[in-house]
>>> print(open('protein_11.csv').read())   # CSV, C-alpha atoms
chain,number,residue,atom,x,y,z
W,1183,MET,CA,2.8,14.3,20.8
W,1184,THR,CA,0.7,17.3,19.7
W,1185,SER,CA,-2.4,17.2,17.6
W,1186,ALA,CA,-2.0,17.6,13.9
W,1187,GLU,CA,-2.8,21.2,12.9
W,1188,ALA,CA,-5.2,22.1,10.1
W,1189,SER,CA,-3.4,23.4,7.0
W,1190,PRO,CA,-2.7,27.1,6.9
W,1191,ASP,CA,-4.3,28.8,3.9
W,1192,HIS,CA,-1.0,29.0,1.9
W,1193,THR,CA,-0.5,25.2,2.0
W,1194,SER,CA,-2.1,23.4,-0.9
W,1195,ALA,CA,-3.7,20.0,-0.7
W,1196,GLN,CA,-0.9,18.7,-3.0
W,1197,ASP,CA,1.8,20.0,-0.6
W,1198,ILE,CA,0.0,18.3,2.4
W,1199,PHE,CA,-0.3,15.1,0.3
W,1200,LEU,CA,3.4,15.1,-0.5
W,1201,GLU,CA,4.4,15.7,3.1
W,1202,ALA,CA,2.0,13.1,4.4
W,1203,PHE,CA,3.4,10.4,2.1
W,1204,ARG,CA,6.9,11.3,3.2
W,1205,ARG,CA,5.7,10.3,6.7
W,1206,HIS,CA,4.0,7.1,5.4
W,1207,SER,CA,6.2,3.9,5.3
W,1208,ALA,CA,5.4,2.0,2.1
W,1209,GLY,CA,6.2,-1.6,1.5
W,1210,VAL,CA,8.4,-2.1,-1.6
W,1211,SER,CA,7.8,-4.5,-4.4
W,1212,ILE,CA,8.9,-5.0,-8.0
W,1213,VAL,CA,6.4,-5.7,-10.8
W,1214,THR,CA,7.7,-7.5,-13.9
W,1215,LEU,CA,6.2,-8.7,-17.2
W,1216,ARG,CA,7.0,-8.9,-20.9
W,1217,LYS,CA,6.5,-6.3,-23.6
W,1218,ALA,CA,4.8,-7.3,-26.9
W,1219,ASP,CA,8.3,-7.9,-28.4
W,1220,GLY,CA,9.2,-10.3,-25.6
W,1221,SER,CA,11.7,-8.1,-23.8
W,1222,PRO,CA,11.4,-7.8,-20.0
W,1223,THR,CA,9.9,-4.7,-18.4
W,1224,GLY,CA,9.3,-3.8,-14.8
W,1225,PHE,CA,9.3,-1.2,-12.1
W,1226,THR,CA,9.6,-0.6,-8.3
W,1227,ALA,CA,6.1,-0.2,-6.8
W,1228,THR,CA,5.4,1.2,-3.3
W,1229,SER,CA,1.7,0.7,-3.7
W,1230,VAL,CA,1.2,-3.0,-3.6
W,1231,ALA,CA,-1.6,-3.9,-1.2
W,1232,SER,CA,-3.8,-6.8,-0.3
W,1233,LEU,CA,-7.4,-6.4,-1.5
W,1234,SER,CA,-8.9,-9.8,-0.4
W,1235,ALA,CA,-7.7,-13.2,0.7
W,1236,ASP,CA,-10.5,-15.3,-0.7
W,1237,PRO,CA,-10.1,-15.1,-3.6
W,1238,PRO,CA,-6.5,-13.8,-3.3
W,1239,LEU,CA,-6.5,-10.3,-4.8
W,1240,VAL,CA,-3.9,-7.6,-4.9
W,1241,THR,CA,-3.8,-4.0,-6.2
W,1242,PHE,CA,-1.0,-1.6,-7.2
W,1243,ASN,CA,-1.0,1.9,-8.7
W,1244,MET,CA,1.0,3.4,-11.5
W,1245,SER,CA,1.2,6.3,-13.9
W,1246,THR,CA,-0.2,5.6,-17.4
W,1247,SER,CA,2.9,7.4,-18.7
W,1248,ALA,CA,5.3,4.9,-17.1
W,1249,SER,CA,7.5,2.8,-19.4
W,1250,SER,CA,5.8,-0.4,-18.3
W,1251,TRP,CA,2.2,0.9,-18.8
W,1252,PRO,CA,1.8,-0.3,-22.5
W,1253,ALA,CA,2.7,-3.9,-21.3
W,1254,ILE,CA,0.4,-3.7,-18.3
W,1255,ALA,CA,-2.4,-2.3,-20.5
W,1256,SER,CA,-2.2,-5.2,-23.0
W,1257,SER,CA,-1.0,-8.2,-20.9
W,1258,GLU,CA,-2.9,-10.8,-18.9
W,1259,HIS,CA,-0.1,-12.0,-16.5
W,1260,LEU,CA,2.6,-10.4,-14.4
W,1261,LEU,CA,4.9,-11.1,-11.4
W,1262,ILE,CA,4.9,-9.2,-8.2
W,1263,HIS,CA,8.1,-9.6,-6.2
W,1264,ILE,CA,7.8,-8.8,-2.5
W,1265,LEU,CA,11.2,-7.3,-1.4
W,1266,GLY,CA,13.2,-7.6,1.8
W,1267,GLN,CA,15.9,-5.4,3.1
W,1268,GLY,CA,18.5,-7.5,1.2
W,1269,ASN,CA,16.8,-6.3,-2.0
W,1270,HIS,CA,17.3,-2.5,-1.6
W,1271,ARG,CA,19.8,-2.2,-4.5
W,1272,LEU,CA,17.4,-4.1,-6.8
W,1273,ALA,CA,14.6,-1.7,-5.7
W,1274,GLN,CA,16.8,1.3,-6.6
W,1275,LYS,CA,17.7,-0.2,-9.9
W,1276,PHE,CA,14.1,-0.8,-10.9
W,1277,SER,CA,13.3,2.9,-10.1
W,1278,ASP,CA,16.2,4.2,-12.2
W,1279,PHE,CA,16.5,4.4,-16.1
W,1280,ALA,CA,14.1,1.9,-17.6
W,1281,GLU,CA,16.7,0.7,-20.2
W,1282,ALA,CA,19.2,-0.5,-17.5
W,1283,ARG,CA,16.8,-2.2,-15.1
W,1284,PHE,CA,17.5,-5.8,-16.2
W,1285,LEU,CA,21.3,-5.4,-16.8
W,1286,GLY,CA,23.2,-7.9,-14.7
W,1287,VAL,CA,20.1,-8.8,-12.7
W,1288,GLY,CA,20.1,-12.5,-13.7
W,1289,GLU,CA,16.4,-12.9,-14.2
W,1290,THR,CA,15.1,-16.3,-15.2
W,1291,ASP,CA,12.0,-17.4,-17.1
W,1292,GLY,CA,9.2,-17.9,-14.5
W,1293,PRO,CA,5.6,-19.0,-14.9
W,1294,HIS,CA,4.2,-18.0,-18.3
W,1295,GLY,CA,7.7,-17.0,-19.3
W,1296,LEU,CA,7.6,-13.9,-17.0
W,1297,PRO,CA,10.9,-12.4,-15.9
W,1298,LEU,CA,11.6,-13.8,-12.4
W,1299,LEU,CA,14.0,-11.9,-10.2
W,1300,PRO,CA,16.4,-13.9,-8.0
W,1301,GLY,CA,16.8,-13.6,-4.2
W,1302,VAL,CA,13.4,-12.3,-3.2
W,1303,PRO,CA,11.4,-13.4,-0.1
W,1304,ALA,CA,8.3,-14.2,-2.2
W,1305,TYR,CA,6.8,-13.6,-5.5
W,1306,LEU,CA,3.2,-13.8,-6.8
W,1307,VAL,CA,2.0,-14.7,-10.2
W,1308,GLY,CA,-0.9,-12.4,-11.0
W,1309,LYS,CA,-3.6,-12.3,-13.6
W,1310,ILE,CA,-4.9,-8.8,-14.3
W,1311,ILE,CA,-8.7,-8.6,-13.7
W,1312,ASP,CA,-9.2,-4.8,-13.9
W,1313,ARG,CA,-7.5,-1.5,-14.7
W,1314,VAL,CA,-9.1,1.6,-13.3
W,1315,GLU,CA,-7.8,4.9,-14.8
W,1316,HIS,CA,-8.2,8.3,-13.2
W,1317,HIS,CA,-6.3,11.4,-14.4
W,1318,GLY,CA,-3.4,9.7,-16.0
W,1319,ALA,CA,-2.9,7.1,-13.2
W,1320,ALA,CA,-4.2,3.5,-13.0
W,1321,THR,CA,-5.1,1.1,-10.2
W,1322,VAL,CA,-4.3,-2.4,-11.4
W,1323,ILE,CA,-6.4,-5.2,-9.8
W,1324,VAL,CA,-4.7,-8.6,-9.9
W,1325,GLU,CA,-5.8,-12.1,-8.9
W,1326,VAL,CA,-3.0,-14.2,-7.5
W,1327,VAL,CA,-2.9,-17.5,-9.3
W,1328,ASP,CA,0.5,-18.9,-8.2
W,1329,GLY,CA,3.8,-17.8,-6.7
W,1330,GLY,CA,6.8,-18.9,-4.8
W,1331,ILE,CA,8.5,-18.4,-1.5
W,1332,GLY,CA,12.2,-17.7,-0.9
W,1333,SER,CA,14.3,-17.0,2.2
W,1334,PRO,CA,12.6,-14.9,4.9
W,1335,ASP,CA,13.8,-11.3,5.4
W,1336,GLN,CA,12.7,-8.2,7.2
W,1337,GLY,CA,10.4,-6.2,4.9
W,1338,LEU,CA,11.9,-3.4,2.7
W,1339,THR,CA,10.0,-0.1,3.2
W,1340,TYR,CA,10.3,3.4,1.7
W,1341,GLN,CA,9.8,6.5,3.8
W,1342,GLY,CA,11.0,10.1,3.4
W,1343,ARG,CA,12.8,9.4,0.1
W,1344,SER,CA,14.9,6.6,1.5
W,1345,TYR,CA,14.7,2.8,1.7
W,1346,ARG,CA,14.2,1.5,5.2
W,1347,VAL,CA,13.6,-1.8,7.0
W,1348,ALA,CA,10.6,-2.9,9.1
W,1349,ARG,CA,12.1,-3.6,12.6
W,1350,PRO,CA,10.2,-4.6,15.8
W,1351,LEU,CA,8.9,-1.8,18.0
W,1352,GLU,CA,11.0,-1.2,21.1
W,1353,ALA,CA,9.1,-1.8,24.3
G,356,MET,CA,20.2,-15.5,-0.6
G,357,THR,CA,18.7,-18.2,-2.6
G,358,SER,CA,16.2,-17.8,-5.4
G,359,ALA,CA,12.6,-18.1,-4.6
G,360,GLU,CA,11.3,-21.6,-5.5
G,361,ALA,CA,8.2,-22.3,-7.4
G,362,SER,CA,5.3,-23.5,-5.4
G,363,PRO,CA,5.0,-27.2,-4.8
G,364,ASP,CA,1.8,-28.7,-6.1
G,365,HIS,CA,0.2,-28.9,-2.6
G,366,THR,CA,0.6,-25.2,-1.9
G,367,SER,CA,-2.4,-23.2,-3.1
G,368,ALA,CA,-2.2,-19.7,-4.5
G,369,GLN,CA,-4.1,-18.5,-1.4
G,370,ASP,CA,-1.4,-20.0,0.9
G,371,ILE,CA,1.4,-18.3,-1.1
G,372,PHE,CA,-0.5,-15.0,-1.1
G,373,LEU,CA,-0.8,-15.2,2.7
G,374,GLU,CA,2.8,-16.0,3.3
G,375,ALA,CA,3.9,-13.4,0.8
G,376,PHE,CA,2.0,-10.7,2.6
G,377,ARG,CA,3.4,-11.8,5.9
G,378,ARG,CA,6.8,-10.9,4.3
G,379,HIS,CA,5.5,-7.5,3.0
G,380,SER,CA,5.8,-4.5,5.2
G,381,ALA,CA,2.6,-2.4,4.9
G,382,GLY,CA,2.3,1.2,6.1
G,383,VAL,CA,-0.4,1.7,8.6
G,384,SER,CA,-3.2,4.3,8.5
G,385,ILE,CA,-6.6,4.9,10.1
G,386,VAL,CA,-9.6,5.9,8.0
G,387,THR,CA,-12.4,7.7,9.8
G,388,LEU,CA,-15.8,9.1,8.8
G,389,ARG,CA,-19.3,9.5,10.1
G,390,LYS,CA,-22.2,7.1,9.7
G,391,ALA,CA,-25.6,8.3,8.5
G,392,ASP,CA,-26.7,8.8,12.2
G,393,GLY,CA,-23.7,11.0,12.8
G,394,SER,CA,-21.7,8.6,15.0
G,395,PRO,CA,-18.0,8.1,14.2
G,396,THR,CA,-16.7,5.0,12.4
G,397,GLY,CA,-13.3,4.0,11.3
G,398,PHE,CA,-10.7,1.2,10.8
G,399,THR,CA,-7.0,0.5,10.6
G,400,ALA,CA,-5.9,0.2,7.0
G,401,THR,CA,-2.7,-1.4,5.7
G,402,SER,CA,-3.5,-0.7,2.1
G,403,VAL,CA,-3.3,3.1,1.8
G,404,ALA,CA,-1.2,4.0,-1.3
G,405,SER,CA,-0.5,7.0,-3.4
G,406,LEU,CA,-2.1,6.9,-6.9
G,407,SER,CA,-1.0,10.2,-8.3
G,408,ALA,CA,0.4,13.5,-7.1
G,409,ASP,CA,-1.2,15.8,-9.6
G,410,PRO,CA,-4.1,15.7,-8.8
G,411,PRO,CA,-3.3,14.2,-5.4
G,412,LEU,CA,-5.1,10.8,-5.4
G,413,VAL,CA,-4.9,8.0,-2.9
G,414,THR,CA,-6.4,4.5,-2.8
G,415,PHE,CA,-7.2,2.0,0.0
G,416,ASN,CA,-8.8,-1.4,0.0
G,417,MET,CA,-11.4,-2.9,2.4
G,418,SER,CA,-14.0,-5.7,2.7
G,419,THR,CA,-17.5,-4.7,1.8
G,420,SER,CA,-18.6,-6.7,4.9
G,421,ALA,CA,-16.5,-4.3,7.2
G,422,SER,CA,-18.5,-2.3,9.8
G,423,SER,CA,-17.4,1.0,8.1
G,424,TRP,CA,-18.4,-0.1,4.6
G,425,PRO,CA,-22.0,1.3,4.6
G,426,ALA,CA,-20.6,4.7,5.6
G,427,ILE,CA,-17.9,4.5,2.9
G,428,ALA,CA,-20.5,3.4,0.3
G,429,SER,CA,-22.7,6.4,1.0
G,430,SER,CA,-20.4,9.2,2.1
G,431,GLU,CA,-18.5,11.9,0.1
G,432,HIS,CA,-15.7,12.7,2.6
G,433,LEU,CA,-13.4,10.9,5.0
G,434,LEU,CA,-10.1,11.3,6.8
G,435,ILE,CA,-7.0,9.3,6.3
G,436,HIS,CA,-4.6,9.4,9.3
G,437,ILE,CA,-1.0,8.5,8.5
G,438,LEU,CA,0.4,6.7,11.6
G,439,GLY,CA,3.9,6.8,13.2
G,440,GLN,CA,5.4,4.4,15.6
G,441,GLY,CA,3.9,6.4,18.5
G,442,ASN,CA,0.4,5.5,17.2
G,443,HIS,CA,0.7,1.7,17.4
G,444,ARG,CA,-1.9,1.4,20.3
G,445,LEU,CA,-4.3,3.5,18.2
G,446,ALA,CA,-3.7,1.1,15.3
G,447,GLN,CA,-4.5,-1.9,17.5
G,448,LYS,CA,-7.6,-0.3,18.9
G,449,PHE,CA,-9.0,0.5,15.4
G,450,SER,CA,-8.5,-3.1,14.3
G,451,ASP,CA,-10.3,-4.5,17.4
G,452,PHE,CA,-14.1,-4.5,18.2
G,453,ALA,CA,-15.8,-1.8,16.1
G,454,GLU,CA,-17.9,-0.7,19.1
G,455,ALA,CA,-14.9,0.3,21.2
G,456,ARG,CA,-12.7,2.0,18.7
G,457,PHE,CA,-13.5,5.6,19.7
G,458,LEU,CA,-13.7,5.0,23.5
G,459,GLY,CA,-11.2,7.3,25.2
G,460,VAL,CA,-9.6,8.3,21.9
G,461,GLY,CA,-10.4,12.0,22.3
G,462,GLU,CA,-11.3,12.7,18.6
G,463,THR,CA,-12.3,16.2,17.6
G,464,ASP,CA,-14.5,17.5,14.9
G,465,GLY,CA,-12.2,18.0,11.8
G,466,PRO,CA,-13.0,19.4,8.4
G,467,HIS,CA,-16.6,18.5,7.3
G,468,GLY,CA,-17.2,17.5,10.9
G,469,LEU,CA,-15.2,14.3,10.3
G,470,PRO,CA,-13.7,12.5,13.4
G,471,LEU,CA,-10.1,13.7,13.7
G,472,LEU,CA,-7.7,11.6,15.8
G,473,PRO,CA,-5.1,13.3,17.9
G,474,GLY,CA,-1.3,12.9,17.8
G,475,VAL,CA,-0.8,11.7,14.3
G,476,PRO,CA,2.1,12.7,12.0
G,477,ALA,CA,-0.3,13.8,9.2
G,478,TYR,CA,-3.9,13.5,8.1
G,479,LEU,CA,-5.6,13.9,4.7
G,480,VAL,CA,-9.1,15.1,4.0
G,481,GLY,CA,-10.4,12.9,1.1
G,482,LYS,CA,-13.3,13.1,-1.3
G,483,ILE,CA,-14.3,9.7,-2.6
G,484,ILE,CA,-14.2,9.7,-6.4
G,485,ASP,CA,-14.7,6.0,-7.1
G,486,ARG,CA,-15.4,2.6,-5.5
G,487,VAL,CA,-14.4,-0.5,-7.4
G,488,GLU,CA,-15.9,-3.7,-6.1
G,489,HIS,CA,-14.6,-7.2,-6.8
G,490,HIS,CA,-15.6,-10.4,-5.0
G,491,GLY,CA,-16.8,-8.7,-1.8
G,492,ALA,CA,-13.9,-6.3,-1.5
G,493,ALA,CA,-13.6,-2.7,-2.7
G,494,THR,CA,-10.8,-0.4,-3.8
G,495,VAL,CA,-11.7,3.2,-2.7
G,496,ILE,CA,-10.2,6.0,-4.8
G,497,VAL,CA,-9.9,9.3,-3.0
G,498,GLU,CA,-8.9,12.8,-4.1
G,499,VAL,CA,-7.0,14.7,-1.3
G,500,VAL,CA,-8.7,18.1,-0.9
G,501,ASP,CA,-7.1,19.2,2.4
G,502,GLY,CA,-5.3,17.9,5.4
G,503,GLY,CA,-2.9,18.7,8.3
G,504,ILE,CA,0.6,18.0,9.5
G,505,GLY,CA,1.6,17.1,13.0
G,506,SER,CA,4.9,16.1,14.7
G,507,PRO,CA,7.2,14.0,12.5
G,508,ASP,CA,7.6,10.3,13.5
G,509,GLN,CA,9.1,7.2,12.0
G,510,GLY,CA,6.4,5.4,10.0
G,511,LEU,CA,4.4,2.6,11.6
G,512,THR,CA,4.4,-0.6,9.5
G,513,TYR,CA,2.8,-4.0,9.8
G,514,GLN,CA,4.6,-7.2,8.9
G,515,GLY,CA,4.3,-10.8,10.0
G,516,ARG,CA,1.2,-10.1,12.2
G,517,SER,CA,3.0,-7.4,14.3
G,518,TYR,CA,3.4,-3.7,14.3
G,519,ARG,CA,6.9,-2.5,13.4
G,520,VAL,CA,8.8,0.7,12.7
G,521,ALA,CA,10.5,1.8,9.5
G,522,ARG,CA,14.2,2.3,10.5
G,523,PRO,CA,17.1,3.3,8.3
G,524,LEU,CA,19.0,0.5,6.6
G,525,GLU,CA,22.3,-0.4,8.2
G,526,ALA,CA,25.4,0.3,6.0
>>> encode(input="protein_11.csv", output="structure tokens")
Amino acid sequence: MTSAEASPDHTSAQDIFLEAFRRHSAGVSIVTLRKADGSPTGFTATSVASLSADPPLVTFNMSTSASSWPAIASSEHLLIHILGQGNHRLAQKFSDFAEARFLGVGETDGPHGLPLLPGVPAYLVGKIIDRVEHHGAATVIVEVVDGGIGSPDQGLTYQGRSYRVARPLEA
Amino acid sequence: MTSAEASPDHTSAQDIFLEAFRRHSAGVSIVTLRKADGSPTGFTATSVASLSADPPLVTFNMSTSASSWPAIASSEHLLIHILGQGNHRLAQKFSDFAEARFLGVGETDGPHGLPLLPGVPAYLVGKIIDRVEHHGAATVIVEVVDGGIGSPDQGLTYQGRSYRVARPLEA
């Protein structure tokens, strides 16, 4: 393996950022909550990360122009669904047209009446404790207050514009 | 696949958080920078995430009791190395004893004199624009100002206490 080379002058920081993240494998989650009118809203997130274990805190990032942002900006609670490889179609659906995301999904009313998606390895009930905005994007900081565990699965990841699965390293 | 079940009363939110993150596949990166005395410091991060593409912004999370925190708290620039499966020993090394992390690694002086690790698929030069602290943990918000691209590799991920590789889904 060769050393990474410094960027040539004609490559912008943004181009390098985009190429670097095509080489980064991101875990895939779906965030759901309710809009002010009670209808469900949600999106596929590739930025969910642990912040601390005690207290249990989680972060994720999103655009403040996303369809779910008004609900995130005004709500106290949400669900974070951790996805396995068996959930890749659900992940695709929740990154397509916002209007069609819950069609045929079969969500149920979870804690606080939040839209709970079926068949996920785990979900977390989160209470939003902070929203940090920079340049039209937001980091949402969430305290985990409850949750549930489903069937185990290998983790769903996203790399190079496609869904992948986290498999053991070969010896 | 069965639906996730709500937590029984004897399972705490922290236990569910821990089990959920064992089922989450996290992309693996290494953050490096220099301490006030010029010596290199760094750590394996499983929380690096894209925040926005325009401008290119990235976040990661860490404990404020980590050995690298004083440097993060007082520095302007750092490097984020995106790791591939070929870098799993480097990832292990940078999560072990802080004193031994750079032994035999062969880092070079990168942009701003930052410690650049060899053989990674990509690295980003970041300028810290915000540090958000909650309960002894911090979210660090970074603007990508430069970087470099190395040899492509399948992304290194971490799930269930072991390093893994992001492989294509089977049909």
>>> residues_around(input="protein_11.csv", residues="range 1321-1337 of chain W", least_positions_apart="5", cutoff="8 Å", atoms="all atoms listed in the file", output="number ranges by chain")
W: 1209-1210, 1237-1244, 1265-1268, 1301-1315, 1347-1349; G: 356-362, 367-369, 371-372, 374-375, 378-380, 406, 514
>>> calpha_fit_and_write(input="protein_11.csv", fixed="chain G", moving="chain W", output="compact mmCIF listing (two decimals) with C-alpha atoms, in the frame of the given file")
# COMPACT_ATOMS: atom_id res chain seq x y z
CA MET W 1183 20.20 -15.39 -0.56
CA THR W 1184 18.68 -18.22 -2.64
CA SER W 1185 16.22 -17.86 -5.44
CA ALA W 1186 12.58 -18.10 -4.59
CA GLU W 1187 11.30 -21.60 -5.42
CA ALA W 1188 8.18 -22.24 -7.48
CA SER W 1189 5.26 -23.49 -5.36
CA PRO W 1190 5.05 -27.21 -4.83
CA ASP W 1191 1.79 -28.68 -6.11
CA HIS W 1192 0.21 -28.96 -2.60
CA THR W 1193 0.58 -25.21 -1.93
CA SER W 1194 -2.40 -23.19 -3.06
CA ALA W 1195 -2.22 -19.72 -4.52
CA GLN W 1196 -4.08 -18.47 -1.39
CA ASP W 1197 -1.43 -20.02 0.92
CA ILE W 1198 1.40 -18.37 -1.17
CA PHE W 1199 -0.54 -15.06 -1.05
CA LEU W 1200 -0.87 -15.22 2.72
CA GLU W 1201 2.79 -16.04 3.22
CA ALA W 1202 3.91 -13.38 0.80
CA PHE W 1203 1.95 -10.66 2.61
CA ARG W 1204 3.43 -11.79 5.89
CA ARG W 1205 6.80 -10.89 4.30
CA HIS W 1206 5.47 -7.55 2.94
CA SER W 1207 5.82 -4.47 5.28
CA ALA W 1208 2.65 -2.38 4.99
CA GLY W 1209 2.35 1.19 6.02
CA VAL W 1210 -0.42 1.72 8.62
CA SER W 1211 -3.14 4.28 8.50
CA ILE W 1212 -6.54 4.89 10.07
CA VAL W 1213 -9.59 5.85 7.99
CA THR W 1214 -12.40 7.72 9.76
CA LEU W 1215 -15.80 9.15 8.75
CA ARG W 1216 -19.35 9.48 10.02
CA LYS W 1217 -22.23 7.04 9.75
CA ALA W 1218 -25.66 8.29 8.54
CA ASP W 1219 -26.67 8.77 12.23
CA GLY W 1220 -23.66 10.98 12.87
CA SER W 1221 -21.68 8.57 15.01
CA PRO W 1222 -17.97 8.11 14.22
CA THR W 1223 -16.74 5.02 12.38
CA GLY W 1224 -13.29 3.99 11.28
CA PHE W 1225 -10.76 1.27 10.82
CA THR W 1226 -6.99 0.47 10.60
CA ALA W 1227 -5.96 0.19 6.92
CA THR W 1228 -2.66 -1.33 5.71
CA SER W 1229 -3.49 -0.62 2.12
CA VAL W 1230 -3.26 3.10 1.79
CA ALA W 1231 -1.18 4.03 -1.25
CA SER W 1232 -0.41 7.00 -3.41
CA LEU W 1233 -2.07 6.85 -6.84
CA SER W 1234 -0.99 10.27 -8.31
CA ALA W 1235 0.43 13.54 -7.10
CA ASP W 1236 -1.19 15.85 -9.60
CA PRO W 1237 -4.03 15.77 -8.84
CA PRO W 1238 -3.35 14.26 -5.37
CA LEU W 1239 -5.02 10.84 -5.34
CA VAL W 1240 -4.94 8.02 -2.88
CA THR W 1241 -6.41 4.48 -2.79
CA PHE W 1242 -7.17 1.99 0.00
CA ASN W 1243 -8.85 -1.44 0.03
CA MET W 1244 -11.45 -2.91 2.30
CA SER W 1245 -13.96 -5.70 2.67
CA THR W 1246 -17.56 -4.76 1.76
CA SER W 1247 -18.56 -6.66 4.92
CA ALA W 1248 -16.54 -4.37 7.21
CA SER W 1249 -18.43 -2.28 9.78
CA SER W 1250 -17.38 0.95 8.10
CA TRP W 1251 -18.40 -0.13 4.54
CA PRO W 1252 -22.05 1.26 4.67
CA ALA W 1253 -20.55 4.74 5.58
CA ILE W 1254 -17.88 4.53 2.91
CA ALA W 1255 -20.49 3.38 0.35
CA SER W 1256 -22.78 6.38 1.01
CA SER W 1257 -20.39 9.21 2.07
CA GLU W 1258 -18.51 11.81 0.05
CA HIS W 1259 -15.72 12.75 2.57
CA LEU W 1260 -13.38 10.91 4.90
CA LEU W 1261 -10.09 11.34 6.83
CA ILE W 1262 -7.02 9.30 6.33
CA HIS W 1263 -4.61 9.43 9.27
CA ILE W 1264 -1.03 8.48 8.46
CA LEU W 1265 0.41 6.75 11.62
CA GLY W 1266 3.84 6.79 13.20
CA GLN W 1267 5.35 4.39 15.61
CA GLY W 1268 3.91 6.44 18.52
CA ASN W 1269 0.46 5.48 17.19
CA HIS W 1270 0.72 1.65 17.46
CA ARG W 1271 -1.86 1.35 20.29
CA LEU W 1272 -4.33 3.48 18.30
CA ALA W 1273 -3.72 1.18 15.27
CA GLN W 1274 -4.50 -1.88 17.43
CA LYS W 1275 -7.58 -0.28 18.81
CA PHE W 1276 -8.99 0.56 15.40
CA SER W 1277 -8.49 -3.13 14.33
CA ASP W 1278 -10.28 -4.48 17.41
CA PHE W 1279 -14.11 -4.51 18.20
CA ALA W 1280 -15.77 -1.82 16.13
CA GLU W 1281 -17.95 -0.64 19.09
CA ALA W 1282 -14.90 0.30 21.28
CA ARG W 1283 -12.73 2.01 18.68
CA PHE W 1284 -13.54 5.61 19.68
CA LEU W 1285 -13.68 5.04 23.50
CA GLY W 1286 -11.23 7.33 25.23
CA VAL W 1287 -9.59 8.30 21.95
CA GLY W 1288 -10.38 12.04 22.25
CA GLU W 1289 -11.32 12.66 18.67
CA THR W 1290 -12.29 16.17 17.67
CA ASP W 1291 -14.51 17.52 14.89
CA GLY W 1292 -12.26 18.04 11.81
CA PRO W 1293 -13.05 19.35 8.34
CA HIS W 1294 -16.64 18.59 7.35
CA GLY W 1295 -17.25 17.45 10.89
CA LEU W 1296 -15.15 14.26 10.35
CA PRO W 1297 -13.72 12.53 13.41
CA LEU W 1298 -10.09 13.73 13.72
CA LEU W 1299 -7.71 11.60 15.73
CA PRO W 1300 -5.13 13.36 17.92
CA GLY W 1301 -1.33 12.87 17.82
CA VAL W 1302 -0.83 11.70 14.26
CA PRO W 1303 2.05 12.76 11.93
CA ALA W 1304 -0.38 13.82 9.17
CA TYR W 1305 -3.87 13.46 8.08
CA LEU W 1306 -5.60 13.91 4.69
CA VAL W 1307 -9.07 15.03 3.97
CA GLY W 1308 -10.35 12.93 1.10
CA LYS W 1309 -13.27 13.10 -1.25
CA ILE W 1310 -14.31 9.71 -2.61
CA ILE W 1311 -14.20 9.68 -6.46
CA ASP W 1312 -14.67 5.93 -7.11
CA ARG W 1313 -15.42 2.58 -5.48
CA VAL W 1314 -14.40 -0.49 -7.39
CA GLU W 1315 -15.90 -3.78 -6.06
CA HIS W 1316 -14.55 -7.22 -6.83
CA HIS W 1317 -15.66 -10.36 -4.93
CA GLY W 1318 -16.79 -8.75 -1.78
CA ALA W 1319 -13.82 -6.31 -1.52
CA ALA W 1320 -13.59 -2.66 -2.66
CA THR W 1321 -10.80 -0.35 -3.80
CA VAL W 1322 -11.70 3.16 -2.69
CA ILE W 1323 -10.23 5.99 -4.84
CA VAL W 1324 -9.94 9.29 -2.99
CA GLU W 1325 -8.90 12.79 -4.04
CA VAL W 1326 -7.05 14.67 -1.35
CA VAL W 1327 -8.64 18.05 -0.86
CA ASP W 1328 -7.05 19.21 2.43
CA GLY W 1329 -5.21 17.87 5.46
CA GLY W 1330 -2.89 18.71 8.24
CA ILE W 1331 0.56 17.97 9.47
CA GLY W 1332 1.58 17.05 13.03
CA SER W 1333 4.88 16.09 14.68
CA PRO W 1334 7.23 13.96 12.55
CA ASP W 1335 7.68 10.28 13.51
CA GLN W 1336 9.16 7.16 12.04
CA GLY W 1337 6.49 5.40 9.97
CA LEU W 1338 4.35 2.63 11.60
CA THR W 1339 4.43 -0.58 9.50
CA TYR W 1340 2.80 -4.02 9.83
CA GLN W 1341 4.65 -7.19 8.92
CA GLY W 1342 4.21 -10.82 9.99
CA ARG W 1343 1.20 -10.06 12.23
CA SER W 1344 3.00 -7.45 14.26
CA TYR W 1345 3.38 -3.66 14.21
CA ARG W 1346 6.85 -2.50 13.33
CA VAL W 1347 8.74 0.74 12.66
CA ALA W 1348 10.50 1.90 9.47
CA ARG W 1349 14.19 2.35 10.54
CA PRO W 1350 17.18 3.30 8.30
CA LEU W 1351 19.04 0.47 6.60
CA GLU W 1352 22.35 -0.38 8.25
CA ALA W 1353 25.31 0.17 5.99
>>> atom_distance(input="protein_11.csv", atom1="CA of Arg377 in chain G", atom2="CA of Ser1211 in chain W")
13.4 Å
>>> atom_distance(input="protein_11.csv", atom1="CA of Thr387 in chain G", atom2="CA of Ala1231 in chain W")
19.3 Å
>>> atom_distance(input="protein_11.csv", atom1="CA of Leu388 in chain G", atom2="CA of Ala421 in chain G")
13.5 Å
>>> closest_residue(input="protein_11.csv", among="W:Pro1300, W:Gly1342, W:Pro1293, W:Pro1222", to="chain G", atoms="all atoms listed in the file")
W:Pro1300
>>> residues_near_point(input="protein_11.csv", point="(7.6, -7.5, -14.8)", cutoff="10 Å", atoms="only C-alpha atoms", output="number ranges by chain")
W: 1212-1217, 1221-1226, 1250, 1253-1254, 1259-1263, 1296-1299
